[in-house]
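Dropping start.txt in here (compact mmCIF, C-alpha atoms (C1' of nucleotides)):
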# COMPACT_ATOMS: atom_id res chain seq x y z
CA MET A 1 -1.04 -8.54 15.89
CA LYS A 2 2.63 -8.18 16.43
CA ILE A 3 3.80 -5.24 18.49
CA ARG A 4 7.20 -4.17 17.36
CA ASP A 5 9.82 -3.83 20.02
CA ASN A 6 11.33 -0.62 18.81
CA TYR A 7 9.18 2.38 18.22
CA THR A 8 10.74 5.73 17.60
CA CYS A 9 7.67 7.57 18.81
CA PRO A 10 4.32 6.80 20.45
CA LEU A 11 2.45 7.74 17.33
CA GLU A 12 3.84 4.69 15.57
CA LEU A 13 2.39 2.44 18.22
CA THR A 14 -1.10 3.88 17.88
CA GLN A 15 -0.78 3.60 14.14
CA ASP A 16 0.12 -0.05 14.36
CA LEU A 17 -2.88 -0.76 16.52
CA THR A 18 -5.42 1.04 14.35
CA LYS A 19 -4.15 0.41 10.87
CA GLY A 20 -5.85 -1.64 8.25
CA LYS A 21 -8.65 -0.99 5.90
CA TRP A 22 -11.50 -1.62 8.29
CA LYS A 23 -10.61 -0.75 11.87
CA PRO A 24 -11.46 2.95 11.80
CA ILE A 25 -14.77 2.18 10.16
CA ILE A 26 -15.59 -0.42 12.77
CA LEU A 27 -14.89 2.09 15.54
CA TRP A 28 -16.99 4.68 13.76
CA GLN A 29 -19.92 2.31 13.51
CA LEU A 30 -19.66 1.32 17.14
CA SER A 31 -19.67 4.96 18.14
CA LYS A 32 -23.04 5.54 16.53
CA SER A 33 -24.80 2.51 17.84
CA SER A 34 -23.54 0.31 20.59
CA PRO A 35 -23.34 -2.44 21.54
CA LEU A 36 -23.49 -4.27 18.24
CA SER A 37 -23.19 -7.91 17.29
CA PRO A 38 -20.82 -9.01 14.53
CA SER A 39 -23.74 -9.71 12.23
CA ASP A 40 -25.14 -6.22 12.79
CA LEU A 41 -21.78 -4.72 11.97
CA GLU A 42 -21.38 -6.85 8.89
CA LYS A 43 -24.67 -5.51 7.58
CA SER A 44 -23.75 -1.89 8.28
CA ILE A 45 -20.29 -1.93 6.71
CA LYS A 46 -20.52 -2.16 2.97
CA GLY A 47 -18.02 -4.49 1.38
CA ILE A 48 -16.67 -6.20 4.47
CA ASN A 49 -16.88 -9.93 4.97
CA GLN A 50 -17.12 -11.99 8.10
CA LYS A 51 -13.49 -13.01 8.20
CA MET A 52 -12.13 -9.49 7.93
CA LEU A 53 -14.61 -8.17 10.45
CA LEU A 54 -13.85 -10.72 13.15
CA GLU A 55 -10.15 -10.59 12.53
CA GLN A 56 -9.98 -6.81 12.78
CA MET A 57 -12.24 -6.75 15.82
CA ALA A 58 -10.04 -9.25 17.61
CA GLU A 59 -7.11 -6.92 17.02
CA LEU A 60 -9.07 -3.94 18.31
CA VAL A 61 -9.88 -5.88 21.46
CA GLU A 62 -6.21 -6.65 21.88
CA ALA A 63 -5.42 -2.97 21.48
CA GLY A 64 -7.94 -2.07 24.17
CA MET A 65 -10.10 -0.02 21.82
CA ILE A 66 -13.18 -2.21 22.10
CA ASN A 67 -14.49 -4.91 24.38
CA LYS A 68 -16.93 -7.73 23.95
CA LYS A 69 -19.60 -9.28 26.07
CA ILE A 70 -20.35 -12.91 25.38
CA TYR A 71 -23.76 -14.40 26.06
CA GLU A 72 -23.82 -18.11 26.75
CA GLY A 73 -26.23 -20.47 25.08
CA TYR A 74 -27.76 -20.79 21.65
CA PRO A 75 -28.08 -19.05 19.35
CA LEU A 76 -24.59 -17.68 19.95
CA ARG A 77 -24.53 -14.00 20.72
CA THR A 78 -21.75 -11.53 21.34
CA GLU A 79 -21.80 -7.77 21.60
CA TYR A 80 -19.02 -5.31 21.05
CA TYR A 81 -18.70 -1.80 22.42
CA LEU A 82 -16.10 0.97 22.58
CA THR A 83 -13.79 1.34 25.55
CA GLU A 84 -12.66 4.67 26.89
CA ARG A 85 -9.59 4.44 24.72
CA GLY A 86 -11.78 3.65 21.75
CA PHE A 87 -13.73 6.84 22.33
CA LYS A 88 -10.54 8.83 22.45
CA MET A 89 -9.42 7.26 19.22
CA LEU A 90 -12.78 8.19 17.83
CA GLU A 91 -12.00 11.86 18.28
CA ALA A 92 -9.15 11.44 15.83
CA ILE A 93 -11.34 9.46 13.48
CA THR A 94 -14.03 12.13 13.59
CA ILE A 95 -11.56 14.75 12.45
CA MET A 96 -10.51 12.52 9.58
CA GLN A 97 -14.13 11.99 8.64
CA GLY A 98 -14.51 15.78 8.44
CA ILE A 99 -11.48 16.06 6.21
CA GLY A 100 -12.91 13.34 3.99
CA VAL A 101 -16.15 15.28 3.61
CA ASP A 102 -14.20 18.38 2.59
CA LEU A 103 -12.15 16.41 0.11
CA MET A 104 -15.22 14.91 -1.46
CA LYS A 105 -16.88 18.29 -1.84
CA GLU A 106 -13.81 19.65 -3.58
CA ASN A 107 -13.59 16.74 -5.94
CA GLY A 108 -17.10 16.41 -7.21
CA MET A 109 -17.87 13.40 -5.14
CA GLU A 110 -20.91 14.92 -3.47
CA ASN A 111 -22.95 12.14 -4.97
CA ILE A 112 -21.45 9.79 -2.43
CA LEU A 113 -22.27 12.16 0.40
CA LYS A 114 -25.88 12.52 -0.63
CA SER A 115 -26.62 9.07 -1.88
CA GLY A 116 -27.14 7.75 1.57
CA GLY A 117 -24.79 5.00 0.52
CA PHE A 118 -22.44 5.88 3.28
CA ILE A 119 -22.89 5.49 6.94
CA GLU A 120 -23.39 8.72 8.76
CA MET B 121 -1.62 7.07 -5.44
CA LYS B 122 -4.76 5.53 -6.72
CA ILE B 123 -7.99 7.02 -5.53
CA ARG B 124 -10.67 4.40 -5.53
CA ASP B 125 -13.87 5.28 -7.30
CA ASN B 126 -16.23 3.89 -4.76
CA TYR B 127 -15.99 4.92 -1.17
CA THR B 128 -18.69 4.01 1.24
CA CYS B 129 -17.84 6.89 3.54
CA PRO B 130 -15.56 9.95 3.56
CA LEU B 131 -13.40 8.43 6.27
CA GLU B 132 -12.16 5.83 3.83
CA LEU B 133 -10.92 8.54 1.50
CA THR B 134 -8.93 10.30 4.22
CA GLN B 135 -7.54 6.96 5.28
CA ASP B 136 -6.35 6.20 1.78
CA LEU B 137 -4.59 9.53 1.59
CA THR B 138 -2.80 9.27 4.92
CA LYS B 139 -2.03 5.61 5.22
CA GLY B 140 1.38 4.07 5.15
CA LYS B 141 4.06 3.72 7.71
CA TRP B 142 5.58 7.17 7.39
CA LYS B 143 3.00 9.77 6.40
CA PRO B 144 1.73 10.65 9.88
CA ILE B 145 5.26 10.95 11.15
CA ILE B 146 6.22 13.24 8.30
CA LEU B 147 3.28 15.50 9.09
CA TRP B 148 4.18 15.45 12.77
CA GLN B 149 7.73 16.51 12.03
CA LEU B 150 6.61 19.29 9.72
CA SER B 151 4.30 20.60 12.40
CA LYS B 152 7.15 21.11 14.81
CA SER B 153 9.55 22.76 12.47
CA SER B 154 8.69 24.12 9.08
CA PRO B 155 9.62 24.44 6.33
CA LEU B 156 12.01 21.53 6.11
CA SER B 157 14.11 20.11 3.31
CA PRO B 158 14.02 16.40 2.51
CA SER B 159 17.48 15.93 3.95
CA ASP B 160 16.45 17.60 7.21
CA LEU B 161 13.46 15.32 7.44
CA GLU B 162 15.50 12.26 6.66
CA LYS B 163 17.77 13.07 9.59
CA SER B 164 14.91 13.63 11.98
CA ILE B 165 12.94 10.49 11.17
CA LYS B 166 14.71 7.45 12.48
CA GLY B 167 14.71 4.49 10.15
CA ILE B 168 13.38 6.13 7.02
CA ASN B 169 15.33 6.18 3.80
CA GLN B 170 15.34 8.67 0.99
CA LYS B 171 13.14 6.69 -1.33
CA MET B 172 10.36 6.19 1.19
CA LEU B 173 10.52 9.79 2.31
CA LEU B 174 10.24 11.33 -1.15
CA GLU B 175 7.65 8.84 -2.26
CA GLN B 176 5.43 9.43 0.74
CA MET B 177 5.85 13.18 0.55
CA ALA B 178 4.83 13.18 -3.11
CA GLU B 179 1.63 11.43 -2.09
CA LEU B 180 1.00 13.92 0.69
CA VAL B 181 1.39 16.76 -1.81
CA GLU B 182 -1.11 15.05 -4.07
CA ALA B 183 -3.48 14.77 -1.14
CA GLY B 184 -3.15 18.47 -0.40
CA MET B 185 -1.69 17.92 3.05
CA ILE B 186 1.67 19.53 2.33
CA ASN B 187 3.18 21.77 -0.32
CA LYS B 188 6.67 22.33 -1.54
CA LYS B 189 8.65 25.34 -2.62
CA ILE B 190 11.41 24.70 -5.11
CA TYR B 191 14.47 26.91 -5.26
CA GLU B 192 16.19 27.06 -8.63
CA GLY B 193 19.93 26.65 -9.00
CA TYR B 194 22.58 24.52 -7.42
CA PRO B 195 22.84 22.98 -4.97
CA LEU B 196 19.26 21.81 -5.42
CA ARG B 197 16.96 22.87 -2.63
CA THR B 198 13.32 22.23 -1.86
CA GLU B 199 11.28 22.97 1.23
CA TYR B 200 8.11 21.35 2.41
CA TYR B 201 5.45 22.77 4.71
CA LEU B 202 1.98 21.87 5.95
CA THR B 203 -1.13 23.18 4.23
CA GLU B 204 -4.28 24.13 6.08
CA ARG B 205 -5.59 20.65 5.49
CA GLY B 206 -2.36 19.23 6.81
CA PHE B 207 -2.82 21.15 10.03
CA LYS B 208 -6.32 19.80 10.38
CA MET B 209 -5.02 16.31 9.86
CA LEU B 210 -2.46 17.05 12.49
CA GLU B 211 -5.19 17.48 15.08
CA ALA B 212 -6.11 13.87 14.53
CA ILE B 213 -2.50 12.81 14.64
CA THR B 214 -1.95 14.68 17.89
CA ILE B 215 -4.75 12.74 19.53
CA MET B 216 -3.21 9.50 18.35
CA GLN B 217 0.16 10.56 19.69
CA GLY B 218 -1.50 11.07 23.08
CA ILE B 219 -3.03 7.62 22.97
CA GLY B 220 0.36 6.19 22.09
CA VAL B 221 1.90 7.82 25.15
CA ASP B 222 -0.81 6.33 27.35
CA LEU B 223 -0.31 2.91 25.83
CA MET B 224 3.41 3.04 26.39
CA LYS B 225 3.00 4.04 30.00
CA GLU B 226 0.66 1.12 30.58
CA ASN B 227 2.97 -1.35 28.95
CA GLY B 228 6.26 -0.60 30.53
CA MET B 229 7.65 1.16 27.53
CA GLU B 230 8.47 4.35 29.36
CA ASN B 231 12.06 3.82 28.41
CA ILE B 232 11.19 4.86 24.89
CA LEU B 233 9.45 7.97 26.15
CA LYS B 234 12.36 9.05 28.27
CA SER B 235 15.24 7.93 26.13
CA GLY B 236 14.94 10.91 23.88
CA GLY B 237 15.07 8.41 21.09
CA PHE B 238 11.78 9.60 19.81
CA ILE B 239 10.93 12.88 18.31
CA GLU B 240 8.90 15.10 20.54
C1' DC C 241 20.90 17.30 -2.86
C1' DC C 242 16.46 16.08 -5.08
C1' DG C 243 13.94 12.79 -7.41
C1' DT C 244 12.79 8.31 -10.09
C1' DA C 245 13.07 3.27 -11.39
C1' DT C 246 13.55 -1.58 -10.37
C1' DC C 247 13.61 -5.61 -7.82
C1' DC C 248 12.03 -8.57 -4.19
C1' DG C 249 10.46 -10.15 0.37
C1' DA C 250 6.82 -9.12 3.76
C1' DT C 251 2.33 -8.04 4.67
C1' DC C 252 -2.50 -7.37 3.70
C1' DC C 253 -6.93 -8.68 2.25
C1' DG C 254 -10.62 -11.28 0.07
C1' DA C 255 -12.68 -15.93 -1.07
C1' DT C 256 -13.68 -20.13 0.64
C1' DA C 257 -14.28 -23.77 3.68
C1' DC C 258 -14.76 -25.61 8.25
C1' DT C 259 -15.91 -26.04 13.55
C1' DG C 260 -18.70 -25.33 17.81
C1' DC D 261 -24.28 -16.86 14.60
C1' DA D 262 -19.44 -16.49 16.25
C1' DG D 263 -14.93 -17.66 15.25
C1' DT D 264 -10.65 -20.03 12.96
C1' DA D 265 -7.67 -21.91 9.02
C1' DT D 266 -5.80 -21.76 4.51
C1' DC D 267 -4.45 -20.04 0.14
C1' DG D 268 -3.28 -16.81 -3.64
C1' DG D 269 -3.25 -12.25 -5.65
C1' DA D 270 -2.48 -7.45 -4.68
C1' DT D 271 -0.14 -4.05 -2.33
C1' DC D 272 3.52 -2.18 0.53
C1' DG D 273 8.09 -1.10 1.97
C1' DG D 274 13.16 -1.37 2.03
C1' DA D 275 17.68 -1.81 -0.62
C1' DT D 276 19.96 -0.36 -4.31
C1' DA D 277 21.14 2.03 -8.33
C1' DC D 278 20.77 5.77 -11.57
C1' DG D 279 19.83 10.68 -13.49
C1' DG D 280 19.04 15.89 -13.20
Give the structure from the file, written as structure tokens.
Amino acid sequence: MKIRDNYTCPLELTQDLTKGKWKPIILWQLSKSSPLSPSDLEKSIKGINQKMLLEQMAELVEAGMINKKIYEGYPLRTEYYLTERGFKMLEAITIMQGIGVDLMKENGMENILKSGGFIE
Amino acid sequence: MKIRDNYTCPLELTQDLTKGKWKPIILWQLSKSSPLSPSDLEKSIKGINQKMLLEQMAELVEAGMINKKIYEGYPLRTEYYLTERGFKMLEAITIMQGIGVDLMKENGMENILKSGGFIE
DNA sequence: CCGTATCCGATCCGATACTG
DNA sequence: CAGTATCGGATCGGATACGG
């Protein structure tokens, strides 16, 4: 993750640190159940693969949104959990989740909401 | 803007509609002063160019976050303003702005905060 | 001044393979 | 199971030019 040297406003910085297809979803998942191992998360996030998950989590750690606890020995085990900053970011994500629900209701996508296919 | 057909959760939809380098900043600017013309916005957002601005605004209109009012006649004039949904989205953006300020303070980037270079 | 089209480099993301 | 490396296609974003 490259932090640019010139930001015109703080919002851009936060954006940079939380952008990408998966990061908000990872934070959302960790807010509901924590701590979680990478394999747990991979199961709970439909469509993600191991590479994307670990890559995005490493960036979230760098951004101070999540932390990990590593257990020595075999089988390997690591657990991730939200930091205080991560919880704050989650407030923003929660609002966006609400907007998404509204949008889906307005656009005949209730099937997704009810199917249980999504993570709530 | 292509809306995917399969979302695993509403958050992904909102993300799709508000992603990109400029959209949150456009909403932020419109929240402080509204309505604004494209040329006003272009002046107030450092680094953006006309193409990106109009392109991103068109997508925000499609997403129902902003609306525009077109005045007939010459010189051409159009004004953009936030919708109710846009204001809701702004709550999330405001939180992220706050996180960005914290991050900058922790990382010796106060110069950006104080320089007046950013839009507050 | 508002808006659209094109071109092209940078970045993202998914598949796959590999290590400890 | 956790994590890293590589590669290629898709997408994004900035420059530039053109039209209403």
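With all atoms listed in the file as the atoms that count, the residue of A:Lys21, A:Lys51, A:Arg4, A:Lys68 with the shortest distance to chain B is A:Lys21.
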Please provide as number ranges by chain all residues within 12 Å of stretch 266-280 of chain D, with the sequence filter that same-chain residues fewer than 6 positions apart are discarded (counting all atoms listed in the file). B: 121-122, 139-142, 167-173, 175-176, 193-196; C: 241-258
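Across B:Leu161, B:Leu223, B:Cys129, B:Leu137, the tightest approach to chain A is made by B:Cys129 when counting all atoms listed in the file.
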So how far away is atom CA of B:Pro144 from atom CA of B:Ile219, in Å?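 So the answer is 14.3 Å.
The gap separating atom CA of A:Asp102 from atom CA of B:Leu150 is 22.0 Å, in Å to one decimal.
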Between atom CA of A:Ile95 and atom CA of A:Asn67, what is the distance, to one decimal in Å? 23.2 Å
Set out as CSV a contact list for chain A and chain B with a cut-off of 10 Å, giving each residue of chain A that qualifies its closest atom pair and distance in Å to one decimal, counting all atoms listed in the file, ordered by chain and rising residue number.
residue,atom,partner,partner_atom,distance
A:Asp5,CA,B:Met229,CA,9.3
A:Asn6,CA,B:Ile232,CA,8.2
A:Tyr7,CA,B:Ile232,CA,7.4
A:Thr8,CA,B:Phe238,CA,4.6
A:Cys9,CA,B:Phe238,CA,4.7
A:Pro10,CA,B:Gly220,CA,4.3
A:Leu11,CA,B:Gln217,CA,4.3
A:Glu12,CA,B:Gly220,CA,7.5
A:Leu13,CA,B:Gly220,CA,5.8
A:Thr14,CA,B:Gly220,CA,5.0
A:Gln15,CA,B:Met216,CA,7.6
A:Asp16,CA,B:Lys141,CA,8.6
A:Leu17,CA,B:Gly220,CA,9.5
A:Thr18,CA,B:Met216,CA,9.6
A:Lys19,CA,B:Lys139,CA,8.0
A:Gly20,CA,B:Lys139,CA,8.7
A:Lys21,CA,B:Glu132,CA,7.9
A:Trp22,CA,B:Glu132,CA,8.7
A:Pro24,CA,B:Leu131,CA,8.0
A:Ile25,CA,B:Leu131,CA,7.5
A:Trp28,CA,B:Leu131,CA,9.1
A:Ile45,CA,B:Thr128,CA,8.2
A:Lys46,CA,B:Thr128,CA,6.7
A:Gly47,CA,B:Thr128,CA,8.5
A:Ala63,CA,B:Leu223,CA,8.9
A:Gly64,CA,B:Leu223,CA,9.3
A:Arg85,CA,B:Ile219,CA,7.5
A:Gly86,CA,B:Ile219,CA,9.7
A:Lys88,CA,B:Ile215,CA,7.6
A:Met89,CA,B:Met216,CA,6.7
A:Leu90,CA,B:Ala212,CA,9.4
A:Glu91,CA,B:Ala212,CA,7.3
A:Ala92,CA,B:Ala212,CA,4.1
A:Ile93,CA,B:Ala212,CA,6.9
A:Thr94,CA,B:Ala212,CA,8.2
A:Ile95,CA,B:Ala212,CA,5.9
A:Met96,CA,B:Leu131,CA,6.0
A:Gln97,CA,B:Leu131,CA,4.3
A:Gly98,CA,B:Pro130,CA,7.7
A:Ile99,CA,B:Thr134,CA,6.6
A:Gly100,CA,B:Pro130,CA,4.3
A:Val101,CA,B:Pro130,CA,5.4
A:Asp102,CA,B:Pro130,CA,8.6
A:Leu103,CA,B:Thr134,CA,8.0
A:Met104,CA,B:Pro130,CA,7.1
A:Met109,CA,B:Asp125,CA,9.3
A:Ile112,CA,B:Thr128,CA,7.4
A:Leu113,CA,B:Cys129,CA,7.6
A:Ser115,CA,B:Thr128,CA,9.9
A:Gly116,CA,B:Thr128,CA,9.2
A:Gly117,CA,B:Thr128,CA,6.2
A:Phe118,CA,B:Thr128,CA,4.7
A:Ile119,CA,B:Cys129,CA,6.2
A:Glu120,CA,B:Cys129,CA,7.8
Slice of the block: stretch 42-56 of chain A, C-alpha atoms, as a PDB file, in the first residue's frame:
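Saved as out-v3.pdb:
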ATOM      1  CA  GLU A  42     -12.832 -16.992   3.545  1.00  0.00           C
ATOM      2  CA  LYS A  43     -15.838 -19.184   4.215  1.00  0.00           C
ATOM      3  CA  SER A  44     -18.047 -16.276   5.235  1.00  0.00           C
ATOM      4  CA  ILE A  45     -17.262 -13.984   2.314  1.00  0.00           C
ATOM      5  CA  LYS A  46     -18.792 -15.286  -0.854  1.00  0.00           C
ATOM      6  CA  GLY A  47     -16.570 -15.027  -3.893  1.00  0.00           C
ATOM      7  CA  ILE A  48     -13.310 -14.083  -2.238  1.00  0.00           C
ATOM      8  CA  ASN A  49     -10.195 -16.179  -2.580  1.00  0.00           C
ATOM      9  CA  GLN A  50      -7.293 -16.674  -0.247  1.00  0.00           C
ATOM     10  CA  LYS A  51      -4.919 -14.348  -2.035  1.00  0.00           C
ATOM     11  CA  MET A  52      -7.291 -11.397  -2.073  1.00  0.00           C
ATOM     12  CA  LEU A  53      -8.293 -11.959   1.527  1.00  0.00           C
ATOM     13  CA  LEU A  54      -4.768 -12.053   2.919  1.00  0.00           C
ATOM     14  CA  GLU A  55      -3.601  -9.220   0.741  1.00  0.00           C
ATOM     15  CA  GLN A  56      -6.450  -6.934   1.758  1.00  0.00           C
TER      16      GLN A  56
END
